[in-house]
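start_20.cif follows (mmCIF, C-alpha atoms):
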data_final
loop_
_atom_site.group_PDB
_atom_site.id
_atom_site.type_symbol
_atom_site.label_atom_id
_atom_site.label_comp_id
_atom_site.auth_asym_id
_atom_site.auth_seq_id
_atom_site.Cartn_x
_atom_site.Cartn_y
_atom_site.Cartn_z
ATOM 1 C CA MET A 1 0.000 0.000 0.000
ATOM 2 C CA LYS A 2 2.860 2.385 0.835
ATOM 3 C CA THR A 3 4.351 1.736 -2.607
ATOM 4 C CA LYS A 4 1.124 2.739 -4.341
ATOM 5 C CA PHE A 5 0.837 5.979 -2.337
ATOM 6 C CA PHE A 6 4.497 6.782 -3.004
ATOM 7 C CA PHE A 7 3.987 6.149 -6.738
ATOM 8 C CA LEU A 8 0.894 8.366 -6.801
ATOM 9 C CA PHE A 9 2.782 11.140 -4.953
ATOM 10 C CA ALA A 10 5.707 10.823 -7.384
ATOM 11 C CA LEU A 11 3.385 11.109 -10.376
ATOM 12 C CA ILE A 12 1.662 14.183 -8.988
ATOM 13 C CA SER A 13 4.987 15.876 -8.297
ATOM 14 C CA LEU A 14 6.398 15.475 -11.838
ATOM 15 C CA VAL A 15 6.991 18.758 -13.646
ATOM 16 C CA SER A 16 5.418 19.680 -17.011
ATOM 17 C CA PHE A 17 7.359 20.119 -20.231
ATOM 18 C CA ALA A 18 5.769 23.565 -20.615
ATOM 19 C CA GLY A 19 8.484 26.128 -19.979
ATOM 20 C CA GLY A 20 10.933 23.415 -20.678
ATOM 21 C CA GLY A 21 13.889 23.874 -18.427
ATOM 22 C CA ASP A 22 17.056 25.200 -19.954
ATOM 23 C CA PRO A 23 19.095 22.504 -21.732
ATOM 24 C CA HIS A 24 22.203 24.668 -21.099
ATOM 25 C CA ASN A 25 21.830 24.264 -17.330
ATOM 26 C CA GLY A 26 23.070 20.926 -16.117
ATOM 27 C CA GLN A 27 22.989 17.508 -17.649
ATOM 28 C CA ILE A 28 21.359 14.242 -16.933
ATOM 29 C CA ARG A 29 23.885 11.669 -15.812
ATOM 30 C CA VAL A 30 22.691 8.156 -16.405
ATOM 31 C CA ARG A 31 24.062 5.220 -14.434
ATOM 32 C CA HIS A 32 21.222 2.724 -14.148
ATOM 33 C CA LEU A 33 20.792 -1.031 -13.928
ATOM 34 C CA GLU A 34 17.689 -2.407 -15.669
ATOM 35 C CA MET A 35 16.959 -5.632 -13.794
ATOM 36 C CA LYS A 36 14.488 -7.413 -16.100
ATOM 37 C CA TYR A 37 16.775 -7.357 -19.147
ATOM 38 C CA ASN A 38 20.040 -7.321 -17.138
ATOM 39 C CA LEU A 39 21.245 -4.115 -18.810
ATOM 40 C CA PHE A 40 23.389 -1.229 -17.557
ATOM 41 C CA TYR A 41 22.739 2.263 -19.012
ATOM 42 C CA CYS A 42 25.516 4.850 -19.027
ATOM 43 C CA SER A 43 25.545 8.371 -20.495
ATOM 44 C CA VAL A 44 28.402 9.501 -22.775
ATOM 45 C CA GLU A 45 29.697 13.101 -22.633
ATOM 46 C CA HIS A 46 30.966 15.155 -25.562
ATOM 47 C CA GLU A 47 31.872 18.812 -26.245
ATOM 48 C CA VAL A 48 30.195 20.733 -29.060
ATOM 49 C CA THR A 49 30.782 24.250 -30.336
ATOM 50 C CA VAL A 50 27.755 26.186 -31.585
ATOM 51 C CA PRO A 51 27.143 29.877 -32.323
ATOM 52 C CA ASP A 52 25.252 31.845 -29.660
ATOM 53 C CA ILE A 53 22.547 34.410 -30.466
ATOM 54 C CA LYS A 54 25.228 36.988 -31.321
ATOM 55 C CA GLY A 55 27.005 34.569 -33.686
ATOM 56 C CA LYS A 56 29.924 34.010 -31.325
ATOM 57 C CA ASP A 57 30.997 30.385 -30.863
ATOM 58 C CA GLU A 58 30.398 28.853 -27.464
ATOM 59 C CA THR A 59 31.305 25.379 -26.241
ATOM 60 C CA HIS A 60 28.856 23.139 -24.404
ATOM 61 C CA ARG A 61 29.573 19.889 -22.604
ATOM 62 C CA ILE A 62 26.622 17.649 -23.475
ATOM 63 C CA ILE A 63 25.372 14.107 -23.090
ATOM 64 C CA SER A 64 25.581 13.041 -26.726
ATOM 65 C CA ASN A 65 25.007 9.317 -26.450
ATOM 66 C CA LEU A 66 23.740 6.522 -24.290
ATOM 67 C CA ALA A 67 25.677 3.259 -23.912
ATOM 68 C CA VAL A 68 23.652 0.119 -23.256
ATOM 69 C CA TYR A 69 25.777 -2.632 -21.735
ATOM 70 C CA ASP A 70 24.321 -6.147 -21.921
ATOM 71 C CA ILE A 71 25.750 -7.744 -18.790
ATOM 72 C CA SER A 72 25.083 -11.348 -19.849
ATOM 73 C CA LYS A 73 26.644 -10.959 -23.315
ATOM 74 C CA GLN A 74 29.256 -8.406 -22.163
ATOM 75 C CA THR A 75 28.548 -6.248 -25.224
ATOM 76 C CA THR A 76 27.912 -2.504 -25.529
ATOM 77 C CA THR A 77 25.452 -0.852 -27.915
ATOM 78 C CA TYR A 78 25.320 2.918 -28.510
ATOM 79 C CA LEU A 79 22.078 4.661 -29.412
ATOM 80 C CA PHE A 80 23.550 7.343 -31.652
ATOM 81 C CA ASP A 81 26.514 7.753 -34.010
ATOM 82 C CA ASP A 82 29.733 9.270 -32.609
ATOM 83 C CA ASP A 83 29.088 12.582 -34.401
ATOM 84 C CA MET A 84 25.788 13.245 -32.588
ATOM 85 C CA ASN A 85 25.743 16.939 -31.620
ATOM 86 C CA GLU A 86 22.420 17.104 -29.798
ATOM 87 C CA ASN A 87 22.142 17.022 -26.018
ATOM 88 C CA ILE A 88 20.238 14.089 -24.510
ATOM 89 C CA SER A 89 18.006 16.026 -22.160
ATOM 90 C CA ALA A 90 15.572 13.273 -21.165
ATOM 91 C CA PHE A 91 15.702 9.495 -20.902
ATOM 92 C CA PHE A 92 12.968 7.302 -19.431
ATOM 93 C CA PHE A 93 11.176 3.972 -19.660
ATOM 94 C CA GLU A 94 8.370 1.983 -18.076
ATOM 95 C CA SER A 95 9.261 -0.269 -15.178
ATOM 96 C CA ALA A 96 7.290 -2.545 -12.890
ATOM 97 C CA ASN A 97 6.127 -0.882 -9.701
ATOM 98 C CA ASP A 98 4.852 -3.806 -7.619
ATOM 99 C CA ASP A 99 5.806 -7.302 -6.491
ATOM 100 C CA LYS A 100 3.939 -9.008 -9.351
ATOM 101 C CA GLY A 101 5.474 -6.714 -11.976
ATOM 102 C CA TYR A 102 2.158 -5.328 -13.238
ATOM 103 C CA ASP A 103 1.589 -1.828 -11.857
ATOM 104 C CA ILE A 104 3.378 0.509 -14.246
ATOM 105 C CA GLY A 105 5.928 3.012 -12.991
ATOM 106 C CA PHE A 106 8.537 5.028 -14.847
ATOM 107 C CA PHE A 107 12.280 5.313 -14.458
ATOM 108 C CA ILE A 108 12.898 9.012 -15.097
ATOM 109 C CA PRO A 109 16.313 10.311 -14.024
ATOM 110 C CA ASN A 110 17.063 14.014 -13.601
ATOM 111 C CA SER A 111 15.612 14.889 -17.028
ATOM 112 C CA ARG A 112 15.225 18.408 -18.398
ATOM 113 C CA PRO A 113 12.484 18.759 -19.441
ATOM 114 C CA LYS A 114 10.729 16.072 -17.415
ATOM 115 C CA PRO A 115 7.554 14.527 -18.867
ATOM 116 C CA VAL A 116 4.206 14.550 -17.090
ATOM 117 C CA VAL A 117 2.718 11.089 -16.568
ATOM 118 C CA LEU A 118 -1.085 10.910 -16.868
ATOM 119 C CA GLY A 119 -3.165 7.947 -15.729
ATOM 120 C CA ILE A 120 -2.155 5.084 -13.528
ATOM 121 C CA LEU A 121 -2.513 1.702 -15.090
ATOM 122 C CA LYS A 122 -3.301 -1.222 -12.848
ATOM 123 C CA SER A 123 -3.873 -4.326 -14.878
ATOM 124 C CA GLU A 124 -2.976 -7.926 -14.269
ATOM 125 C CA ASN A 125 -2.353 -8.494 -17.968
ATOM 126 C CA ARG A 126 -0.257 -5.417 -18.769
ATOM 127 C CA LEU A 127 3.514 -5.643 -18.332
ATOM 128 C CA PRO A 128 5.908 -2.684 -18.771
ATOM 129 C CA SER A 129 6.835 -1.777 -22.347
ATOM 130 C CA ASP A 130 10.138 -3.102 -23.705
ATOM 131 C CA LYS A 131 10.960 0.362 -25.132
ATOM 132 C CA MET A 132 12.997 3.295 -23.851
ATOM 133 C CA TYR A 133 12.411 6.926 -24.751
ATOM 134 C CA ILE A 134 14.903 9.691 -25.380
ATOM 135 C CA VAL A 135 14.532 13.450 -25.924
ATOM 136 C CA THR A 136 17.408 15.393 -27.502
ATOM 137 C CA TYR A 137 17.926 19.154 -27.801
ATOM 138 C CA ASN A 138 19.386 20.758 -30.926
ATOM 139 C CA PHE A 139 21.305 23.968 -30.104
ATOM 140 C CA SER A 140 21.040 25.278 -33.688
ATOM 141 C CA THR A 141 17.279 24.845 -34.224
ATOM 142 C CA GLU A 142 16.421 25.154 -30.509
ATOM 143 C CA ASN A 143 13.977 22.266 -30.971
ATOM 144 C CA TYR A 144 13.647 18.957 -29.190
ATOM 145 C CA THR A 145 13.465 15.565 -30.888
ATOM 146 C CA PHE A 146 11.614 12.607 -29.424
ATOM 147 C CA TRP A 147 13.161 9.154 -30.072
ATOM 148 C CA TYR A 148 12.373 5.613 -28.982
ATOM 149 C CA ALA A 149 14.271 2.318 -29.114
ATOM 150 C CA ASP A 150 14.256 -1.170 -27.648
ATOM 151 C CA LYS A 151 15.584 -1.244 -24.085
ATOM 152 C CA THR A 152 18.574 -3.130 -25.531
ATOM 153 C CA GLY A 153 19.506 -0.018 -27.561
ATOM 154 C CA ASN A 154 18.417 -1.441 -30.932
ATOM 155 C CA ASN A 155 15.857 -0.160 -33.463
ATOM 156 C CA LEU A 156 16.269 3.561 -32.708
ATOM 157 C CA THR A 157 13.366 5.455 -34.284
ATOM 158 C CA LYS A 158 12.822 9.201 -34.601
ATOM 159 C CA GLY A 159 9.329 10.025 -33.366
ATOM 160 C CA CYS A 160 9.025 13.762 -34.064
ATOM 161 C CA GLU A 161 10.551 17.185 -33.476
ATOM 162 C CA PHE A 162 8.812 19.704 -31.264
ATOM 163 C CA PRO A 163 9.474 23.268 -30.098
ATOM 164 C CA ARG A 164 10.978 24.087 -26.738
ATOM 165 C CA TYR A 165 7.737 25.229 -25.128
ATOM 166 C CA ALA A 166 5.497 22.382 -26.326
ATOM 167 C CA ASP A 167 3.468 20.399 -23.815
ATOM 168 C CA PHE A 168 4.303 16.706 -23.700
ATOM 169 C CA TYR A 169 2.504 13.997 -21.756
ATOM 170 C CA ILE A 170 2.802 10.261 -21.236
ATOM 171 C CA ASP A 171 -0.662 8.667 -21.339
ATOM 172 C CA VAL A 172 0.054 5.373 -19.543
ATOM 173 C CA ASN A 173 -3.413 3.891 -19.956
ATOM 174 C CA ASN A 174 -3.408 4.279 -23.762
ATOM 175 C CA ARG A 175 0.373 3.743 -24.215
ATOM 176 C CA VAL A 176 0.679 7.072 -26.021
ATOM 177 C CA PHE A 177 3.073 10.015 -25.965
ATOM 178 C CA ARG A 178 0.941 13.087 -26.552
ATOM 179 C CA PHE A 179 2.200 16.430 -27.842
ATOM 180 C CA VAL A 180 -0.159 19.396 -27.407
ATOM 181 C CA LYS A 181 0.331 22.723 -29.157
ATOM 182 C CA GLN A 182 -1.930 25.750 -29.392
ATOM 183 C CA VAL A 183 -2.099 27.392 -32.812
ATOM 184 C CA GLY A 184 -4.205 30.549 -32.729
ATOM 185 C CA VAL A 185 -7.406 29.577 -30.926
ATOM 186 C CA LYS A 186 -7.138 25.882 -31.819
ATOM 187 C CA ILE A 187 -5.294 22.993 -30.176
ATOM 188 C CA GLU A 188 -3.181 20.584 -32.215
ATOM 189 C CA ILE A 189 -2.635 17.149 -30.692
ATOM 190 C CA LYS A 190 -0.233 14.505 -31.961
ATOM 191 C CA ASP A 191 -0.186 11.034 -30.438
ATOM 192 C CA ILE A 192 2.706 8.600 -30.858
ATOM 193 C CA LYS A 193 1.941 5.038 -29.760
ATOM 194 C CA TYR A 194 4.560 3.183 -27.793
#
Written as structure tokens, that's how I'd like the structure from this file.
Amino acid sequence: MKTKFFFLFALISLVSFAGGGDPHNGQIRVRHLEMKYNLFYCSVEHEVTVPDIKGKDETHRIISNLAVYDISKQTTTYLFDDDMNENISAFFFESANDDKGYDIGFFIPNSRPKPVVLGILKSENRLPSDKMYIVTYNFSTENYTFWYADKTGNNLTKGCEFPRYADFYIDVNNRVFRFVKQVGVKIEIKDIKY
């Protein structure tokens, strides 16, 4: 019972993507063991030089890649190519949140921006997704890109690009990532199934 209340409190306290959080301030540092698949996730740092708003070059230390180490096979897979120049600003995936492995929780490290999780799924026939989700920030376009891949680091797929101040939600019950944008007096909604 304590676990369920803690999970509910954690969900309520997550911060919205609106307003974003500055990708220049801080980095997410990933060092995480995924128990079900026996994987270790580790972030990879890199320096990039990009022009600032005045056209002057500035250097940023970013998280440019994510290494996925398969402990059983003792092999490492990287999500992105070595020349990736976007900052990984968010990384998360579904994980089991109870003894039976059915209640769905999320592993979300210190991500900027951090997604809002809507709905709490409690189902005896719904296991956590085998996917992981990544959000990168492009310093040149000042847009984010949403990606997803297998938890093993394979089959990386680009979901969509979205502006810095877009609203982004995880709809657990429908297994959907939802992007919401107001255009004039209308709302545009884009769902990406996961």
Q: Tell me which residues the PyMOL selection byres ((chain A and resi 32) around 10) grabs here, as a ChimeraX atom specification.
A: /A:29-31,33-35,39-43,68,107,109
Q: Name all residues at most 8 Å from Ser129 (chain A) (count all atoms listed in the file; drop same-chain ones fewer than 6 positions away) and give them as a ChimeraX atom specification.
A: /A:93-95,194
Q) From the list A:Lys151, A:Ala90, A:Val117, A:Arg178, which residue is nearest Ala67 (chain A) when using all atoms listed in the file? A)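 Among the listed residues, the smallest separation from Ala67 (chain A) belongs to A:Lys151.
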Which centre and edge lengths in Å to one decimal define the box along x, y and z that fits every listed atom of region 34-50 of chain A plus 4 Å per side, as lines of an AutoDock Vina configuration file?
center_x = 23.2
center_y = 9.4
center_z = -22.7
size_x = 25.4
size_y = 41.6
size_z = 25.8
Q. Hey, which of A:Ile53, A:Leu79, A:Val183, A:Leu127 ends up closest to Phe91 (chain A)? Count only C-alpha atoms.
A.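 Checking each candidate against Phe91 (chain A), we get A:Leu79 as the closest.
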(Q) Every residue with an atom at most 7 Å from (11.9, -3.9, -29.3) (file coordinates; only C-alpha atoms) is what I'm after, so could you write them as a PyMOL selection string? (A) chain A and resi 130-131+149-151+155
Could the residues in this selection be written to a file with C-alpha atoms, as a PDB file, in the coordinates of the input?
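File selection39.pdb, as written:
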ATOM      1  CA  ASP A 130      10.138  -3.102 -23.705  1.00  0.00           C
ATOM      2  CA  LYS A 131      10.960   0.362 -25.132  1.00  0.00           C
ATOM      3  CA  ALA A 149      14.271   2.318 -29.114  1.00  0.00           C
ATOM      4  CA  ASP A 150      14.256  -1.170 -27.648  1.00  0.00           C
ATOM      5  CA  LYS A 151      15.584  -1.244 -24.085  1.00  0.00           C
ATOM      6  CA  ASN A 155      15.857  -0.160 -33.463  1.00  0.00           C
TER       7      ASN A 155
END
